[in-house]
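Report on the following structure.
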Amino acid sequence: MTAQRHRRLVLTGSITGAVIVALDGTVLTVAQPTLQRTLHATFAQVQWTSTGYLIAVASLLVFAGRLGDRYGHQRMFALGILGFGAASAGIGLAPGVGWVIALRIVQGVFGALLQPATLGMLRAAYPPDRLGMPLALRTSAIGLAAAAGPLLGGALVAQLGWRAVFFLNVPPAVLIGALALAVRVPPPPLPTPPRRPLAGLDLPGAGLLGITLVCLVHTLVALPAHGWTTTTTAAVLTAAIAFAAFVHHERRTTSPLVPPRVAASKAVASSLAILLAASAALFGTLFVSSYYLQNVRHLDPFQCGLQVLPLPLLMVLSAPASAVLQRRYGPRRTTTAAMALLTLGTLLLSRLDGTSTPLEAGTGFLLLGAGFGTVMVTATAVIVRHVPVDNAGVAGGLQQTAMNIGPVLGVATATMLLTYTPTLQSTLLPLSALAALGALCATTLPARSDREGNSPSRPPTYPQEAASETI
């Protein structure tokens, strides 16, 4: 198999894995009311079908990325996507809501294995200066999934019931997983330096980080509904103590979970902050805007989806354009401009009222999509370019953690703001300030793309482990 064909297969697998995860989240939202009625579940139980998955995936992403660095991203990808498909099939056959919750947690574990591997495989297969367009195509596919998910989920639930949305994952997961196990890559034609000794997995560090993220996610999910209770306060204190212990442990262990080169990278830290701010601002704004469209404009859910459609469409279109813009203008200017668009879109939506036209709302969603699609590509490209191939999985895990925590943070913030200041403007202005803070972080990114990725620990074009890993 040629290197070119190998890269195409890696890109296909990466896009498919990302789309399966994106679709799963969007179609579940549509299916939850029917699931609740069919299984005679309480609202709290249905909420845990999402919360259990989120806690499992968020707490394990970085450790799963480290497993990929040690044992091969393509192996972790195959295990993750096949396990994700098997868990989906199990949920579709579940006899009760308890089984659904348990299998959603299992699905989250395999989702954690899958998500960093989709980025790690790209980093291993493509030279750093050619990563922009593969990441853009991956982002466009996620945008398409976000646009199609509610419509597809609604159609499946209406015609076949809620179980069909989980069976939807099974055929592509089995196909891509089988391909990942079956197809092997020939040895590279040029000699490569000997492999470095495998670093330890740092199980104590993984445990401390996992406790931190579990408590953080649980607090963000519980705060809007219950406020500051004894449980949420204890969870915050536990998260703070566990994170302090994690930092202390990482500084002293010989094989830290997050390698020093990744932890000390200013570009990686800035990119993670940008992704966290952008996703929090976007999802918080979407959450509030949906209430405006349905309660103030009196649109039904389908009409509401059509009104928001400019967002995923511009996300799809802006992703490939952002790869070109990044090469021409560099990550700093491209990302700063994209965060400015995101901020402006949030500000425009904050000015909507009962007399606003669909064009005004559509313009705001258009700016949100253009800004967020560009930020996803540029910030992710900076992260994966600034780490050696040896640490691509950890970098992917950190990126996915930011992209999972950000939406929870945004929705929790928006919900609490709505409780105390129930107006669109007073709720969205703080979220626009958060987006502006992300724009400020973007000014610290590298000025040019051609300075990135020039010192990986192994040759970037075709790493040695590609000879023995499957795709």
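Simple scheme: letters A, B, ... for chains in structure tokens order, numbers from 1 for residues in each chain, numbers from 1 for ligands in the order shown.
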
### Task
May I have the residues within 10 Å of Val221 of chain A as number ranges by chain, using only C-alpha atoms and disregarding those fewer than 4 positions away in the same chain?
A: 47, 51, 54-55, 215-217, 225-226, 232, 408-409, 411-412

Keeping only all heavy atoms, write the selected residues to a file as an mmCIF file, in the first residue's frame.
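Contents of the output file result-v1.cif:
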```cif
data_model
loop_
_atom_site.group_PDB
_atom_site.id
_atom_site.type_symbol
_atom_site.label_atom_id
_atom_site.label_comp_id
_atom_site.auth_asym_id
_atom_site.auth_seq_id
_atom_site.Cartn_x
_atom_site.Cartn_y
_atom_site.Cartn_z
ATOM 1 N N GLN A 47 -31.994 12.330 31.760
ATOM 2 C CA GLN A 47 -30.855 13.243 31.765
ATOM 3 C C GLN A 47 -29.547 12.480 31.950
ATOM 4 O O GLN A 47 -28.513 12.837 31.382
ATOM 5 C CB GLN A 47 -31.031 14.276 32.882
ATOM 6 C CG GLN A 47 -29.998 15.400 32.848
ATOM 7 C CD GLN A 47 -30.229 16.412 33.953
ATOM 8 O OE1 GLN A 47 -30.679 16.075 35.043
ATOM 9 N NE2 GLN A 47 -29.922 17.669 33.683
ATOM 10 N N THR A 51 -25.669 12.613 30.737
ATOM 11 C CA THR A 51 -24.661 12.948 31.742
ATOM 12 C C THR A 51 -23.678 11.800 31.961
ATOM 13 O O THR A 51 -22.464 12.016 32.064
ATOM 14 C CB THR A 51 -25.341 13.309 33.072
ATOM 15 O OG1 THR A 51 -26.243 14.391 32.854
ATOM 16 C CG2 THR A 51 -24.313 13.714 34.109
ATOM 17 N N LEU A 54 -21.228 11.694 29.105
ATOM 18 C CA LEU A 54 -20.316 12.832 29.122
ATOM 19 C C LEU A 54 -19.256 12.676 30.198
ATOM 20 O O LEU A 54 -18.067 12.951 29.968
ATOM 21 C CB LEU A 54 -21.115 14.121 29.348
ATOM 22 C CG LEU A 54 -20.320 15.418 29.375
ATOM 23 C CD1 LEU A 54 -19.620 15.648 28.050
ATOM 24 C CD2 LEU A 54 -21.231 16.589 29.709
ATOM 25 N N ILE A 55 -19.641 12.231 31.386
ATOM 26 C CA ILE A 55 -18.667 12.042 32.466
ATOM 27 C C ILE A 55 -17.641 10.991 32.084
ATOM 28 O O ILE A 55 -16.433 11.164 32.297
ATOM 29 C CB ILE A 55 -19.399 11.663 33.768
ATOM 30 C CG1 ILE A 55 -20.135 12.882 34.332
ATOM 31 C CG2 ILE A 55 -18.428 11.105 34.800
ATOM 32 C CD1 ILE A 55 -20.963 12.589 35.567
ATOM 33 N N CYS A 215 -15.697 15.351 38.725
ATOM 34 C CA CYS A 215 -16.312 16.308 39.657
ATOM 35 C C CYS A 215 -16.681 17.604 38.944
ATOM 36 O O CYS A 215 -17.738 18.198 39.223
ATOM 37 C CB CYS A 215 -15.346 16.603 40.810
ATOM 38 S SG CYS A 215 -15.060 15.191 41.905
ATOM 39 N N LEU A 216 -15.830 18.048 38.013
ATOM 40 C CA LEU A 216 -16.110 19.284 37.298
ATOM 41 C C LEU A 216 -17.357 19.149 36.429
ATOM 42 O O LEU A 216 -18.255 20.010 36.460
ATOM 43 C CB LEU A 216 -14.903 19.665 36.434
ATOM 44 C CG LEU A 216 -15.062 20.909 35.554
ATOM 45 C CD1 LEU A 216 -15.315 22.143 36.409
ATOM 46 C CD2 LEU A 216 -13.822 21.099 34.680
ATOM 47 N N VAL A 217 -17.429 18.075 35.647
ATOM 48 C CA VAL A 217 -18.585 17.874 34.772
ATOM 49 C C VAL A 217 -19.857 17.708 35.586
ATOM 50 O O VAL A 217 -20.909 18.283 35.258
ATOM 51 C CB VAL A 217 -18.352 16.658 33.847
ATOM 52 C CG1 VAL A 217 -19.624 16.324 33.077
ATOM 53 C CG2 VAL A 217 -17.218 16.939 32.876
ATOM 54 N N ALA A 225 -29.679 23.106 37.714
ATOM 55 C CA ALA A 225 -30.925 22.548 38.254
ATOM 56 C C ALA A 225 -31.038 22.709 39.764
ATOM 57 O O ALA A 225 -32.124 22.946 40.291
ATOM 58 C CB ALA A 225 -31.026 21.068 37.878
ATOM 59 N N HIS A 226 -29.902 22.585 40.486
ATOM 60 C CA HIS A 226 -29.963 22.525 41.944
ATOM 61 C C HIS A 226 -29.248 23.674 42.643
ATOM 62 O O HIS A 226 -29.405 23.841 43.857
ATOM 63 C CB HIS A 226 -29.376 21.192 42.434
ATOM 64 C CG HIS A 226 -29.984 19.990 41.787
ATOM 65 N ND1 HIS A 226 -31.286 19.597 42.019
ATOM 66 C CD2 HIS A 226 -29.473 19.093 40.891
ATOM 67 C CE1 HIS A 226 -31.554 18.512 41.311
ATOM 68 N NE2 HIS A 226 -30.474 18.186 40.613
ATOM 69 N N THR A 232 -22.762 19.925 45.365
ATOM 70 C CA THR A 232 -22.001 20.647 44.343
ATOM 71 C C THR A 232 -20.778 21.332 44.945
ATOM 72 O O THR A 232 -19.709 21.373 44.326
ATOM 73 C CB THR A 232 -22.893 21.680 43.640
ATOM 74 O OG1 THR A 232 -23.511 22.529 44.621
ATOM 75 C CG2 THR A 232 -23.968 21.005 42.817
ATOM 76 N N VAL A 408 -20.600 22.118 28.025
ATOM 77 C CA VAL A 408 -21.236 21.978 29.343
ATOM 78 C C VAL A 408 -21.099 23.278 30.125
ATOM 79 O O VAL A 408 -22.042 23.742 30.776
ATOM 80 C CB VAL A 408 -20.606 20.811 30.124
ATOM 81 C CG1 VAL A 408 -21.352 20.582 31.430
ATOM 82 C CG2 VAL A 408 -20.621 19.537 29.305
ATOM 83 N N LEU A 409 -19.910 23.884 30.046
ATOM 84 C CA LEU A 409 -19.687 25.159 30.725
ATOM 85 C C LEU A 409 -20.599 26.247 30.160
ATOM 86 O O LEU A 409 -21.193 27.035 30.912
ATOM 87 C CB LEU A 409 -18.218 25.565 30.566
ATOM 88 C CG LEU A 409 -17.823 26.957 31.078
ATOM 89 C CD1 LEU A 409 -18.049 27.058 32.577
ATOM 90 C CD2 LEU A 409 -16.366 27.256 30.724
ATOM 91 N N VAL A 411 -23.551 25.967 28.496
ATOM 92 C CA VAL A 411 -24.969 25.753 28.812
ATOM 93 C C VAL A 411 -25.230 26.018 30.289
ATOM 94 O O VAL A 411 -26.253 26.626 30.651
ATOM 95 C CB VAL A 411 -25.393 24.333 28.417
ATOM 96 C CG1 VAL A 411 -26.806 24.028 28.908
ATOM 97 C CG2 VAL A 411 -25.317 24.155 26.909
ATOM 98 N N ALA A 412 -24.315 25.592 31.172
ATOM 99 C CA ALA A 412 -24.495 25.846 32.605
ATOM 100 C C ALA A 412 -24.485 27.343 32.891
ATOM 101 O O ALA A 412 -25.314 27.854 33.665
ATOM 102 C CB ALA A 412 -23.398 25.141 33.398
#
```

Contact residues around segment 93-109 of chain A with only C-alpha atoms at 7 Å, ignoring same-chain residues under 6 positions, as a PDB file with N, CA and C atoms, in the first residue's frame:
```pdb
ATOM      1  N   LEU A  39     -40.054   3.933  27.865  1.00  0.00           N
ATOM      2  CA  LEU A  39     -39.466   3.174  28.966  1.00  0.00           C
ATOM      3  C   LEU A  39     -40.014   3.604  30.325  1.00  0.00           C
ATOM      4  N   ALA A  41     -39.625   6.302  32.031  1.00  0.00           N
ATOM      5  CA  ALA A  41     -38.500   6.802  32.811  1.00  0.00           C
ATOM      6  C   ALA A  41     -38.812   8.188  33.362  1.00  0.00           C
ATOM      7  N   TRP A  48     -29.594  11.391  32.724  1.00  0.00           N
ATOM      8  CA  TRP A  48     -28.373  10.621  32.962  1.00  0.00           C
ATOM      9  C   TRP A  48     -27.930   9.829  31.727  1.00  0.00           C
ATOM     10  N   THR A  49     -28.808   9.643  30.745  1.00  0.00           N
ATOM     11  CA  THR A  49     -28.351   9.014  29.502  1.00  0.00           C
ATOM     12  C   THR A  49     -27.358   9.912  28.783  1.00  0.00           C
ATOM     13  N   GLY A  52     -24.173  10.566  32.029  1.00  0.00           N
ATOM     14  CA  GLY A  52     -23.292   9.416  32.231  1.00  0.00           C
ATOM     15  C   GLY A  52     -22.285   9.266  31.109  1.00  0.00           C
ATOM     16  N   TYR A  53     -22.746   9.447  29.883  1.00  0.00           N
ATOM     17  CA  TYR A  53     -21.841   9.382  28.722  1.00  0.00           C
ATOM     18  C   TYR A  53     -20.794  10.484  28.808  1.00  0.00           C
ATOM     19  N   LEU A  54     -21.228  11.694  29.105  1.00  0.00           N
ATOM     20  CA  LEU A  54     -20.316  12.832  29.122  1.00  0.00           C
ATOM     21  C   LEU A  54     -19.256  12.676  30.198  1.00  0.00           C
ATOM     22  N   ALA A  56     -18.094   9.876  31.493  1.00  0.00           N
ATOM     23  CA  ALA A  56     -17.174   8.807  31.111  1.00  0.00           C
ATOM     24  C   ALA A  56     -16.182   9.278  30.058  1.00  0.00           C
ATOM     25  N   VAL A  57     -16.681   9.938  29.018  1.00  0.00           N
ATOM     26  CA  VAL A  57     -15.801  10.315  27.922  1.00  0.00           C
ATOM     27  C   VAL A  57     -14.848  11.423  28.349  1.00  0.00           C
ATOM     28  N   PHE A  84     -17.812   1.177  20.396  1.00  0.00           N
ATOM     29  CA  PHE A  84     -18.875   2.182  20.316  1.00  0.00           C
ATOM     30  C   PHE A  84     -20.078   1.614  19.571  1.00  0.00           C
ATOM     31  N   ALA A  87     -21.798  -1.064  21.800  1.00  0.00           N
ATOM     32  CA  ALA A  87     -22.601  -0.438  22.849  1.00  0.00           C
ATOM     33  C   ALA A  87     -23.878   0.177  22.276  1.00  0.00           C
TER      34      ALA A  87
END
```

### Query
In segment 326-451 of chain A, what's helix (DSSP H, G or I) per DSSP? Answer as number ranges by chain?
A: 326-350, 358-385, 389-420, 424-442, 449-451

### Task
Would you work out the distance separating atom CA of Thr357 of chain A from atom CA of Ala155 of chain A, expressed in Å to one decimal?
28.5 Å

### Task
Identify, on the basis of only C-alpha atoms, every residue whose closest approach to Ala414 of chain A does not exceed 12 Å; exclude the query and any residue fewer than 4 positions from it along the same chain; express the result as a PyMOL selection string.
chain A and resi 220-221+223-224+280-291+407-410+418-432+434

Would you export the selected residues with N, CA, C and O atoms as a tab-separated table (two decimals), in the first residue's frame, please?
```tsv
chain	number	residue	atom	x	y	z
A	220	LEU	N	-20.99	21.11	36.82
A	220	LEU	CA	-21.55	21.94	35.76
A	220	LEU	C	-22.94	21.47	35.33
A	220	LEU	O	-23.81	22.28	35.00
A	221	VAL	N	-23.15	20.16	35.35
A	221	VAL	CA	-24.46	19.63	34.99
A	221	VAL	C	-25.49	19.88	36.10
A	221	VAL	O	-26.65	20.20	35.83
A	223	LEU	N	-25.39	22.24	38.66
A	223	LEU	CA	-25.58	23.61	39.12
A	223	LEU	C	-26.85	24.28	38.57
A	223	LEU	O	-27.60	24.89	39.35
A	224	PRO	N	-27.12	24.20	37.26
A	224	PRO	CA	-28.32	24.89	36.77
A	224	PRO	C	-29.62	24.41	37.40
A	224	PRO	O	-30.54	25.19	37.60
A	280	ALA	N	-17.84	27.07	24.54
A	280	ALA	CA	-18.75	27.51	25.60
A	280	ALA	C	-19.65	28.64	25.11
A	280	ALA	O	-20.87	28.63	25.34
A	281	ALA	N	-19.07	29.61	24.41
A	281	ALA	CA	-19.86	30.73	23.90
A	281	ALA	C	-20.88	30.25	22.87
A	281	ALA	O	-22.04	30.68	22.88
A	282	LEU	N	-20.46	29.35	21.98
A	282	LEU	CA	-21.36	28.89	20.92
A	282	LEU	C	-22.54	28.11	21.50
A	282	LEU	O	-23.71	28.42	21.20
A	283	PHE	N	-22.27	27.11	22.32
A	283	PHE	CA	-23.35	26.26	22.81
A	283	PHE	C	-24.23	26.98	23.83
A	283	PHE	O	-25.43	26.73	23.91
A	284	GLY	N	-23.64	27.89	24.61
A	284	GLY	CA	-24.46	28.69	25.50
A	284	GLY	C	-25.39	29.60	24.72
A	284	GLY	O	-26.57	29.75	25.07
A	285	THR	N	-24.88	30.19	23.64
A	285	THR	CA	-25.71	31.05	22.80
A	285	THR	C	-26.81	30.24	22.11
A	285	THR	O	-27.97	30.69	22.02
A	286	LEU	N	-26.49	29.06	21.62
A	286	LEU	CA	-27.50	28.22	20.99
A	286	LEU	C	-28.60	27.83	21.98
A	286	LEU	O	-29.79	27.82	21.63
A	287	PHE	N	-28.20	27.52	23.19
A	287	PHE	CA	-29.17	27.13	24.21
A	287	PHE	C	-30.16	28.27	24.48
A	287	PHE	O	-31.38	28.07	24.50
A	288	VAL	N	-29.65	29.48	24.66
A	288	VAL	CA	-30.51	30.62	24.94
A	288	VAL	C	-31.34	30.98	23.71
A	288	VAL	O	-32.53	31.29	23.81
A	289	SER	N	-30.71	30.94	22.53
A	289	SER	CA	-31.42	31.33	21.31
A	289	SER	C	-32.58	30.39	21.00
A	289	SER	O	-33.60	30.83	20.45
A	290	SER	N	-32.45	29.12	21.34
A	290	SER	CA	-33.55	28.18	21.09
A	290	SER	C	-34.78	28.56	21.91
A	290	SER	O	-35.92	28.44	21.44
A	291	TYR	N	-34.57	29.04	23.13
A	291	TYR	CA	-35.70	29.51	23.94
A	291	TYR	C	-36.32	30.76	23.33
A	291	TYR	O	-37.55	30.91	23.31
A	407	PRO	N	-18.90	23.03	25.91
A	407	PRO	CA	-20.36	23.11	25.80
A	407	PRO	C	-21.09	22.99	27.14
A	407	PRO	O	-22.08	23.69	27.37
A	408	VAL	N	-20.60	22.12	28.02
A	408	VAL	CA	-21.24	21.98	29.34
A	408	VAL	C	-21.10	23.28	30.13
A	408	VAL	O	-22.04	23.74	30.78
A	409	LEU	N	-19.91	23.88	30.05
A	409	LEU	CA	-19.69	25.16	30.72
A	409	LEU	C	-20.60	26.25	30.16
A	409	LEU	O	-21.19	27.03	30.91
A	410	GLY	N	-20.72	26.30	28.83
A	410	GLY	CA	-21.55	27.32	28.20
A	410	GLY	C	-23.02	27.19	28.56
A	410	GLY	O	-23.68	28.19	28.89
A	418	LEU	N	-29.90	32.94	32.87
A	418	LEU	CA	-31.34	33.05	32.60
A	418	LEU	C	-32.14	33.06	33.89
A	418	LEU	O	-33.20	33.69	33.99
A	419	THR	N	-31.66	32.35	34.90
A	419	THR	CA	-32.37	32.28	36.18
A	419	THR	C	-32.40	33.65	36.86
A	419	THR	O	-33.42	34.05	37.43
A	420	TYR	N	-31.26	34.35	36.79
A	420	TYR	CA	-31.15	35.62	37.50
A	420	TYR	C	-31.48	36.83	36.63
A	420	TYR	O	-31.94	37.86	37.13
A	421	THR	N	-31.22	36.74	35.32
A	421	THR	CA	-31.48	37.85	34.40
A	421	THR	C	-32.18	37.30	33.16
A	421	THR	O	-31.53	37.05	32.15
A	422	PRO	N	-33.49	37.07	33.22
A	422	PRO	CA	-34.19	36.34	32.15
A	422	PRO	C	-34.46	37.19	30.91
A	422	PRO	O	-35.59	37.33	30.47
A	423	THR	N	-33.42	37.79	30.35
A	423	THR	CA	-33.53	38.49	29.08
A	423	THR	C	-32.42	38.02	28.16
A	423	THR	O	-31.35	37.63	28.62
A	424	LEU	N	-32.68	38.10	26.87
A	424	LEU	CA	-31.70	37.63	25.89
A	424	LEU	C	-30.41	38.44	25.97
A	424	LEU	O	-29.32	37.88	25.95
A	425	GLN	N	-30.53	39.75	26.08
A	425	GLN	CA	-29.34	40.59	26.06
A	425	GLN	C	-28.47	40.37	27.28
A	425	GLN	O	-27.25	40.21	27.17
A	426	SER	N	-29.06	40.36	28.46
A	426	SER	CA	-28.27	40.21	29.68
A	426	SER	C	-27.64	38.84	29.80
A	426	SER	O	-26.63	38.66	30.49
A	427	THR	N	-28.20	37.84	29.11
A	427	THR	CA	-27.62	36.49	29.13
A	427	THR	C	-26.51	36.34	28.11
A	427	THR	O	-25.47	35.73	28.39
A	428	LEU	N	-26.69	36.90	26.93
A	428	LEU	CA	-25.71	36.70	25.86
A	428	LEU	C	-24.52	37.64	25.94
A	428	LEU	O	-23.45	37.33	25.41
A	429	LEU	N	-24.66	38.78	26.60
A	429	LEU	CA	-23.52	39.69	26.70
A	429	LEU	C	-22.34	39.05	27.45
A	429	LEU	O	-21.19	39.18	27.01
A	430	PRO	N	-22.56	38.35	28.59
A	430	PRO	CA	-21.42	37.66	29.23
A	430	PRO	C	-20.82	36.58	28.34
A	430	PRO	O	-19.60	36.37	28.36
A	431	LEU	N	-21.64	35.90	27.54
A	431	LEU	CA	-21.10	34.89	26.64
A	431	LEU	C	-20.28	35.53	25.52
A	431	LEU	O	-19.26	34.98	25.08
A	432	SER	N	-20.69	36.71	25.05
A	432	SER	CA	-19.89	37.42	24.06
A	432	SER	C	-18.57	37.88	24.67
A	432	SER	O	-17.53	37.90	23.99
A	434	LEU	N	-16.98	36.22	26.94
A	434	LEU	CA	-16.17	35.00	26.96
A	434	LEU	C	-15.53	34.76	25.59
A	434	LEU	O	-14.35	34.39	25.50
```

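Proximity of A:Thr355, A:Pro446, A:Gly17, A:Thr343 to Tyr329 of chain A, computed with only C-alpha atoms, is greatest for A:Pro446.
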